[in-house]
There are 4 protein chains.
Amino acid sequence: MEDLAEKKQAIFESTLDLIKDHGFHGAPMSLVAKHAGVAAGTIYHYFESKEQLICELYAYNRARVTATIKAALNDGNDYKAKFFNVWTSLYSFYVKEPNVLIFFEQFVNSPFSSDKYPSHFRGDLYAFFADGIKQGIIRPLKPEILLVLVMGSINSTAKLNVFGKVAVTKPDVLRIAETVWDGISAKGKEN
Amino acid sequence: MEDLAEKKQAIFESTLDLIKDHGFHGAPMSLVAKHAGVAAGTIYHYFESKEQLICELYAYNRARVTATIKAALNDGNDYKAKFFNVWTSLYSFYVKEPNVLIFFEQFVNSPFSSDKYPSHFRGDLYAFFADGIKQGIIRPLKPEILLVLVMGSINSTAKLNVFGKVAVTKPDVLRIAETVWDGISAKGKEN
Amino acid sequence: MEDLAEKKQAIFESTLDLIKDHGFHGAPMSLVAKHAGVAAGTIYHYFESKEQLICELYAYNRARVTATIKAALNDGNDYKAKFFNVWTSLYSFYVKEPNVLIFFEQFVNSPFSSDKYPSHFRGDLYAFFADGIKQGIIRPLKPEILLVLVMGSINSTAKLNVFGKVAVTKPDVLRIAETVWDGISAKGKEN
Amino acid sequence: MEDLAEKKQAIFESTLDLIKDHGFHGAPMSLVAKHAGVAAGTIYHYFESKEQLICELYAYNRARVTATIKAALNDGNDYKAKFFNVWTSLYSFYVKEPNVLIFFEQFVNSPFSSDKYPSHFRGDLYAFFADGIKQGIIRPLKPEILLVLVMGSINSTAKLNVFGKVAVTKPDVLRIAETVWDGISAKGKEN
DNA sequence: GATGAATGAGCTTTCATTCAT
DNA sequence: AATGAATGAAAGCTCATTCAT
């Protein structure tokens, strides 16, 4: 959130914070404005409507996630290393910004989202899994399934860490990623 | 939903349907009443407030899930079979009643839920995993983590089936459960 | 305004009064409600939106005008008498209910009216003029033109009486109707 | 609109156009500015407020109408010719500039007009009618009444031509003026 | 002079809840 | 028990106006 107009950034952050603390319903425009330190009308200089504000906020953060995935896939020697990179960097992203994690969850079933299902993370990761299957590294599940399983595991773990009563330690994180990898990898399997 | 007062049941079903089709925001009391075939005021004979209606609806369906889990755990010869029983019966439950699946998702982040995280399915399944670890069948992850990973995989798959553009076939379902099992089971692992 | 639901009638009258005194812009829903002695939300039990309230109010009063014209045309022996009947009864209607007169004026150029031009009074009066021309009683002008000229004369005179600083007496009214009649009638003309 | 400061003229024209196309309600200052090619704040260098902008625009165009009437009254041999001059030149003015026609209509009932009734065209035309009565050329109606009848006939016809679905041809125009004249003139009458 | 981002009062509308019937 | 008209606080949004640049 560095290269945005100052006010726009303040509005984005205000929205994200409010949604995290009070849910979608607890983020009326008046409060968003107040917490951003601007007047209610000011928001409408930057966004046509609440819907557009929410959708832009979503697009902005989805792009950040996509970029995080892309970077992780480019960093690492072998397939497994890349997988761990993706898993841990995405996990770290969500843990560092639980705002975004909560927002994504709420957005999917909000009146603002048309997509009922988050097909939003296809792209690079989808190709990565498809490729893994072709190479025989990954079990021959449909890539869409692999996608939701892996993304789901990241989400669940991040949520547990952020909101759960259970501490998720660094070793835990590695063990979880290992668990997921052992599930989806084809090693020693013949099906 | 058989042993409830007839009106109460109608109100529950109306709420569930409305939330599934239009989201939480699209289920105002007036519409809930209309679709249930009762007057708005009537709802307030059965529930003190909207909050109570929603919370009772949640408790009711949580109990159904809990019962489903309990039944699955009592049915099956060995540990692995019990796991598969839980996975597939819960999956079937959600696929048969996507209403409930969506409702749960929405409820967690609604103004009505105090718990931010679904610690709601502890109970039997928690004990089941704790026991599996003790017996050396399951990897020594914290049971809470196992819980969210497994429940997450069921949820993700059910959502993919119900809302995704990808068909999830019966063989797919077994392969996914197998994948999850292979991840969390301790066989052939020494960590 | 006799056979309407009591509240609906109060809302109609409140709207009409407010518009008469302060113009269209001076009739916000909050004031309409207040003056009608109901809560703001109550209006929305009777009307879907402000637009519909305004449009129904228009339709209702247009029907009253139409009925006034129809009654006037059925009462009177010859053509000229009918004409005078229409002129004076419509004039009386507007003078008795200046609310409606002002409302009509404002409605035509309001955001609520799609018709830019009041083609709304066609019907019986149009036929009356068309017939008068065929019989050679009325000058052979296009009936639409006759319509706006005559309606315009009624409107102008009523407005002058209601708002002007000049008193329009009963003899004045008859003389004005006579003036209009002498203009549009064909007697002694050969064009 | 030639001898005004360039910006002022642009603002005037922008306002007139916007009001014609979208009504008074569709001419917010921001749009007026945009269509005039200036910044919102710039308008406030030329006008103290929206009210003053509108009122000046009204005064400006009222003066144009007054001048048109004055010129028409000075051109023509006899009384009847002068009358026809006034009628047709004013009619032409409105048809050429329907902007102004609509603006006048809207202005009368706007929050900006204090006068509820257009006593604004008194002056020369009033004197002209008063004089005609004294000379026995015009029926002995109150001059105010003559004024609104004649002005109303011009307005109605212009509106019919500009917005109506009926074509108003040149012969039509002459016949209408003739109709009005035959109504208000005293020839052959003894009342 | 000119700009346009910022303001905030005020608008239309929604909806959980009440209560006379 | 059941009704549904009525309520009014609060939501999203507009727009005349200001003021630092």
# chains A, B, ... in the order shown; residues from 1 in each chain; ligands from 1
call {"tool": "calpha_fit_rmsd", "arguments": {"fixed": "chain B", "moving": "chain C"}}
result
0.2 Å
call {"tool": "residues_around", "arguments": {"residues": "Leu160 of chain B", "least_positions_apart": "4", "cutoff": "9 Å", "atoms": "only C-alpha atoms (C1' of nucleotides)", "output": "PyMOL selection string"}}
result
(chain A and resi 117+144-145+148) or (chain B and resi 155-156+164-168)
call {"tool": "interface_residues", "arguments": {"of": "chain B", "to": "chain E", "cutoff": "12 Å", "atoms": "only C-alpha atoms (C1' of nucleotides)", "output": "list of chain:residue names"}}
result
B:His25, B:Gly26, B:Ala27, B:Pro28, B:Met29, B:Ser30, B:Leu31, B:Val32, B:Ala40, B:Gly41, B:Thr42, B:Ile43, B:Tyr44, B:Phe47, B:Glu48, B:Ser49, B:Lys50, B:Glu51
call {"tool": "closest_residue", "arguments": {"among": "A:His45, A:Ser185, A:Pro171, A:Val162", "to": "DT14 of chain F", "atoms": "only C-alpha atoms (C1' of nucleotides)"}}
result
A:His45
call {"tool": "interface_residues", "arguments": {"of": "chain F", "to": "chain A", "cutoff": "8 Å", "atoms": "only C-alpha atoms (C1' of nucleotides)", "output": "list in words"}}
result
DA11, DG12 and DC13 of chain F
call {"tool": "select_by_dssp", "arguments": {"residues": "segment 13-145 of chain D", "states": "helix (DSSP H, G or I)", "output": "PyMOL selection string"}}
result
chain D and resi 13-22+24-26+29-36+40-46+50-73+79-96+98-108+119-121+123-134+143-145
call {"tool": "residues_around", "arguments": {"residues": "His22 of chain A", "least_positions_apart": "4", "cutoff": "12 Å", "atoms": "only C-alpha atoms (C1' of nucleotides)", "output": "ChimeraX atom specification"}}
result
/A:14-18,26-28,31-32,99,102-103,106 /B:108-114,116
call {"tool": "decode", "arguments": {"residues": "chain E", "atoms": "N, CA and C atoms (P, O5', C5', C4', C3', O3' and C1' of nucleotides)", "output": "PDB file, in the first residue's frame"}}
result
ATOM      1  P    DG E   1     -11.316  38.135 -11.890  1.00  0.00           P
ATOM      2  O5'  DG E   1      -9.935  38.408 -11.440  1.00  0.00           O
ATOM      3  C5'  DG E   1      -8.778  37.623 -11.204  1.00  0.00           C
ATOM      4  C4'  DG E   1      -8.391  36.662 -12.299  1.00  0.00           C
ATOM      5  C3'  DG E   1      -9.326  35.451 -12.450  1.00  0.00           C
ATOM      6  O3'  DG E   1      -9.082  34.840 -13.715  1.00  0.00           O
ATOM      7  C1'  DG E   1      -7.394  34.766 -11.349  1.00  0.00           C
ATOM      8  P    DA E   2     -10.033  33.641 -14.294  1.00  0.00           P
ATOM      9  O5'  DA E   2      -9.363  32.344 -13.647  1.00  0.00           O
ATOM     10  C5'  DA E   2      -8.202  31.812 -14.272  1.00  0.00           C
ATOM     11  C4'  DA E   2      -7.872  30.497 -13.623  1.00  0.00           C
ATOM     12  C3'  DA E   2      -9.045  29.518 -13.532  1.00  0.00           C
ATOM     13  O3'  DA E   2      -8.611  28.333 -14.163  1.00  0.00           O
ATOM     14  C1'  DA E   2      -7.956  29.719 -11.441  1.00  0.00           C
ATOM     15  P    DT E   3      -9.595  27.042 -14.279  1.00  0.00           P
ATOM     16  O5'  DT E   3      -9.116  26.167 -13.055  1.00  0.00           O
ATOM     17  C5'  DT E   3      -7.775  25.655 -13.047  1.00  0.00           C
ATOM     18  C4'  DT E   3      -7.515  25.007 -11.730  1.00  0.00           C
ATOM     19  C3'  DT E   3      -8.467  23.866 -11.394  1.00  0.00           C
ATOM     20  O3'  DT E   3      -7.800  22.658 -11.667  1.00  0.00           O
ATOM     21  C1'  DT E   3      -7.924  25.225  -9.499  1.00  0.00           C
ATOM     22  P    DG E   4      -8.580  21.418 -12.306  1.00  0.00           P
ATOM     23  O5'  DG E   4      -8.901  20.611 -10.990  1.00  0.00           O
ATOM     24  C5'  DG E   4      -7.846  20.343 -10.062  1.00  0.00           C
ATOM     25  C4'  DG E   4      -8.441  19.953  -8.728  1.00  0.00           C
ATOM     26  C3'  DG E   4      -9.708  19.080  -8.814  1.00  0.00           C
ATOM     27  O3'  DG E   4      -9.784  18.262  -7.654  1.00  0.00           O
ATOM     28  C1'  DG E   4     -10.206  20.989  -7.638  1.00  0.00           C
ATOM     29  P    DA E   5      -9.311  16.782  -7.668  1.00  0.00           P
ATOM     30  O5'  DA E   5      -8.853  16.529  -6.169  1.00  0.00           O
ATOM     31  C5'  DA E   5      -7.670  17.144  -5.689  1.00  0.00           C
ATOM     32  C4'  DA E   5      -7.797  17.465  -4.204  1.00  0.00           C
ATOM     33  C3'  DA E   5      -8.456  16.376  -3.368  1.00  0.00           C
ATOM     34  O3'  DA E   5      -7.837  16.436  -2.083  1.00  0.00           O
ATOM     35  C1'  DA E   5      -9.788  18.330  -3.279  1.00  0.00           C
ATOM     36  P    DA E   6      -8.282  15.422  -0.963  1.00  0.00           P
ATOM     37  O5'  DA E   6      -9.350  16.246  -0.130  1.00  0.00           O
ATOM     38  C5'  DA E   6      -8.900  17.375   0.635  1.00  0.00           C
ATOM     39  C4'  DA E   6     -10.094  18.012   1.317  1.00  0.00           C
ATOM     40  C3'  DA E   6     -11.000  17.041   2.079  1.00  0.00           C
ATOM     41  O3'  DA E   6     -10.953  17.383   3.451  1.00  0.00           O
ATOM     42  C1'  DA E   6     -12.256  18.577   0.747  1.00  0.00           C
ATOM     43  P    DT E   7     -11.840  16.600   4.483  1.00  0.00           P
ATOM     44  O5'  DT E   7     -13.153  17.476   4.567  1.00  0.00           O
ATOM     45  C5'  DT E   7     -13.044  18.844   4.966  1.00  0.00           C
ATOM     46  C4'  DT E   7     -14.401  19.507   4.852  1.00  0.00           C
ATOM     47  C3'  DT E   7     -15.502  18.809   5.648  1.00  0.00           C
ATOM     48  O3'  DT E   7     -15.878  19.651   6.724  1.00  0.00           O
ATOM     49  C1'  DT E   7     -16.248  19.464   3.478  1.00  0.00           C
ATOM     50  P    DG E   8     -16.225  19.085   8.121  1.00  0.00           P
ATOM     51  O5'  DG E   8     -17.809  19.021   8.021  1.00  0.00           O
ATOM     52  C5'  DG E   8     -18.526  20.211   7.712  1.00  0.00           C
ATOM     53  C4'  DG E   8     -19.953  19.858   7.309  1.00  0.00           C
ATOM     54  C3'  DG E   8     -20.603  18.736   8.143  1.00  0.00           C
ATOM     55  O3'  DG E   8     -22.001  18.999   8.217  1.00  0.00           O
ATOM     56  C1'  DG E   8     -20.627  18.121   5.927  1.00  0.00           C
ATOM     57  P    DA E   9     -22.599  19.289   9.632  1.00  0.00           P
ATOM     58  O5'  DA E   9     -23.973  20.000   9.258  1.00  0.00           O
ATOM     59  C5'  DA E   9     -23.980  21.129   8.387  1.00  0.00           C
ATOM     60  C4'  DA E   9     -25.020  20.956   7.277  1.00  0.00           C
ATOM     61  C3'  DA E   9     -26.369  20.403   7.741  1.00  0.00           C
ATOM     62  O3'  DA E   9     -27.381  21.086   7.016  1.00  0.00           O
ATOM     63  C1'  DA E   9     -25.479  18.998   6.072  1.00  0.00           C
ATOM     64  P    DG E  10     -28.898  20.924   7.406  1.00  0.00           P
ATOM     65  O5'  DG E  10     -29.491  19.990   6.251  1.00  0.00           O
ATOM     66  C5'  DG E  10     -29.219  20.305   4.901  1.00  0.00           C
ATOM     67  C4'  DG E  10     -29.611  19.135   4.023  1.00  0.00           C
ATOM     68  C3'  DG E  10     -30.880  18.393   4.492  1.00  0.00           C
ATOM     69  O3'  DG E  10     -31.702  18.147   3.368  1.00  0.00           O
ATOM     70  C1'  DG E  10     -29.143  16.889   4.137  1.00  0.00           C
ATOM     71  P    DC E  11     -33.196  17.772   3.528  1.00  0.00           P
ATOM     72  O5'  DC E  11     -33.374  16.630   2.431  1.00  0.00           O
ATOM     73  C5'  DC E  11     -32.943  16.856   1.097  1.00  0.00           C
ATOM     74  C4'  DC E  11     -32.540  15.540   0.448  1.00  0.00           C
ATOM     75  C3'  DC E  11     -33.564  14.423   0.633  1.00  0.00           C
ATOM     76  O3'  DC E  11     -34.407  14.320  -0.501  1.00  0.00           O
ATOM     77  C1'  DC E  11     -31.320  13.655   1.001  1.00  0.00           C
ATOM     78  P    DT E  12     -35.763  13.552  -0.396  1.00  0.00           P
ATOM     79  O5'  DT E  12     -35.283  12.050  -0.656  1.00  0.00           O
ATOM     80  C5'  DT E  12     -34.760  11.708  -1.936  1.00  0.00           C
ATOM     81  C4'  DT E  12     -34.299  10.271  -1.920  1.00  0.00           C
ATOM     82  C3'  DT E  12     -35.432   9.263  -1.697  1.00  0.00           C
ATOM     83  O3'  DT E  12     -35.223   8.172  -2.591  1.00  0.00           O
ATOM     84  C1'  DT E  12     -33.762   8.967  -0.037  1.00  0.00           C
ATOM     85  P    DT E  13     -36.336   7.037  -2.722  1.00  0.00           P
ATOM     86  O5'  DT E  13     -35.818   5.977  -1.660  1.00  0.00           O
ATOM     87  C5'  DT E  13     -34.524   5.398  -1.853  1.00  0.00           C
ATOM     88  C4'  DT E  13     -34.156   4.554  -0.644  1.00  0.00           C
ATOM     89  C3'  DT E  13     -35.201   3.493  -0.249  1.00  0.00           C
ATOM     90  O3'  DT E  13     -34.604   2.235  -0.510  1.00  0.00           O
ATOM     91  C1'  DT E  13     -34.268   4.579   1.648  1.00  0.00           C
ATOM     92  P    DT E  14     -35.412   0.899  -0.201  1.00  0.00           P
ATOM     93  O5'  DT E  14     -34.751   0.403   1.165  1.00  0.00           O
ATOM     94  C5'  DT E  14     -33.345   0.264   1.216  1.00  0.00           C
ATOM     95  C4'  DT E  14     -32.958  -0.238   2.586  1.00  0.00           C
ATOM     96  C3'  DT E  14     -33.695  -1.501   3.029  1.00  0.00           C
ATOM     97  O3'  DT E  14     -32.689  -2.366   3.548  1.00  0.00           O
ATOM     98  C1'  DT E  14     -33.934   0.184   4.668  1.00  0.00           C
ATOM     99  P    DC E  15     -32.987  -3.930   3.718  1.00  0.00           P
ATOM    100  O5'  DC E  15     -33.316  -4.035   5.275  1.00  0.00           O
ATOM    101  C5'  DC E  15     -32.438  -3.381   6.187  1.00  0.00           C
ATOM    102  C4'  DC E  15     -33.013  -3.463   7.582  1.00  0.00           C
ATOM    103  C3'  DC E  15     -33.904  -4.695   7.808  1.00  0.00           C
ATOM    104  O3'  DC E  15     -33.626  -5.172   9.100  1.00  0.00           O
ATOM    105  C1'  DC E  15     -35.092  -2.743   8.334  1.00  0.00           C
ATOM    106  P    DA E  16     -33.610  -6.719   9.399  1.00  0.00           P
ATOM    107  O5'  DA E  16     -33.590  -6.730  10.993  1.00  0.00           O
ATOM    108  C5'  DA E  16     -32.546  -6.056  11.670  1.00  0.00           C
ATOM    109  C4'  DA E  16     -33.055  -5.444  12.959  1.00  0.00           C
ATOM    110  C3'  DA E  16     -33.755  -6.409  13.905  1.00  0.00           C
ATOM    111  O3'  DA E  16     -33.448  -6.009  15.231  1.00  0.00           O
ATOM    112  C1'  DA E  16     -35.278  -4.715  13.234  1.00  0.00           C
ATOM    113  P    DT E  17     -33.997  -6.897  16.414  1.00  0.00           P
ATOM    114  O5'  DT E  17     -35.355  -6.174  16.779  1.00  0.00           O
ATOM    115  C5'  DT E  17     -35.321  -4.819  17.228  1.00  0.00           C
ATOM    116  C4'  DT E  17     -36.719  -4.261  17.327  1.00  0.00           C
ATOM    117  C3'  DT E  17     -37.726  -5.081  18.147  1.00  0.00           C
ATOM    118  O3'  DT E  17     -38.012  -4.311  19.304  1.00  0.00           O
ATOM    119  C1'  DT E  17     -38.714  -4.166  16.213  1.00  0.00           C
ATOM    120  P    DT E  18     -38.960  -4.905  20.426  1.00  0.00           P
ATOM    121  O5'  DT E  18     -40.304  -4.069  20.246  1.00  0.00           O
ATOM    122  C5'  DT E  18     -40.212  -2.667  20.116  1.00  0.00           C
ATOM    123  C4'  DT E  18     -41.573  -2.074  19.826  1.00  0.00           C
ATOM    124  C3'  DT E  18     -42.697  -2.550  20.747  1.00  0.00           C
ATOM    125  O3'  DT E  18     -43.443  -1.396  21.105  1.00  0.00           O
ATOM    126  C1'  DT E  18     -43.320  -2.896  18.505  1.00  0.00           C
ATOM    127  P    DC E  19     -44.305  -1.409  22.448  1.00  0.00           P
ATOM    128  O5'  DC E  19     -45.796  -1.390  21.876  1.00  0.00           O
ATOM    129  C5'  DC E  19     -46.105  -0.581  20.740  1.00  0.00           C
ATOM    130  C4'  DC E  19     -47.487  -0.940  20.215  1.00  0.00           C
ATOM    131  C3'  DC E  19     -48.425  -1.575  21.258  1.00  0.00           C
ATOM    132  O3'  DC E  19     -49.740  -1.155  20.959  1.00  0.00           O
ATOM    133  C1'  DC E  19     -48.173  -3.032  19.469  1.00  0.00           C
ATOM    134  P    DA E  20     -50.639  -0.549  22.134  1.00  0.00           P
ATOM    135  O5'  DA E  20     -51.998  -0.220  21.352  1.00  0.00           O
ATOM    136  C5'  DA E  20     -51.953   0.560  20.156  1.00  0.00           C
ATOM    137  C4'  DA E  20     -52.871  -0.032  19.095  1.00  0.00           C
ATOM    138  C3'  DA E  20     -54.270  -0.417  19.591  1.00  0.00           C
ATOM    139  O3'  DA E  20     -55.198  -0.110  18.547  1.00  0.00           O
ATOM    140  C1'  DA E  20     -53.180  -2.337  18.754  1.00  0.00           C
ATOM    141  P    DT E  21     -56.742  -0.345  18.760  1.00  0.00           P
ATOM    142  O5'  DT E  21     -57.014  -1.751  18.085  1.00  0.00           O
ATOM    143  C5'  DT E  21     -56.872  -1.874  16.662  1.00  0.00           C
ATOM    144  C4'  DT E  21     -56.923  -3.328  16.278  1.00  0.00           C
ATOM    145  C3'  DT E  21     -58.188  -4.068  16.706  1.00  0.00           C
ATOM    146  O3'  DT E  21     -59.085  -4.153  15.604  1.00  0.00           O
ATOM    147  C1'  DT E  21     -56.199  -5.397  16.890  1.00  0.00           C
TER     148       DT E  21
END
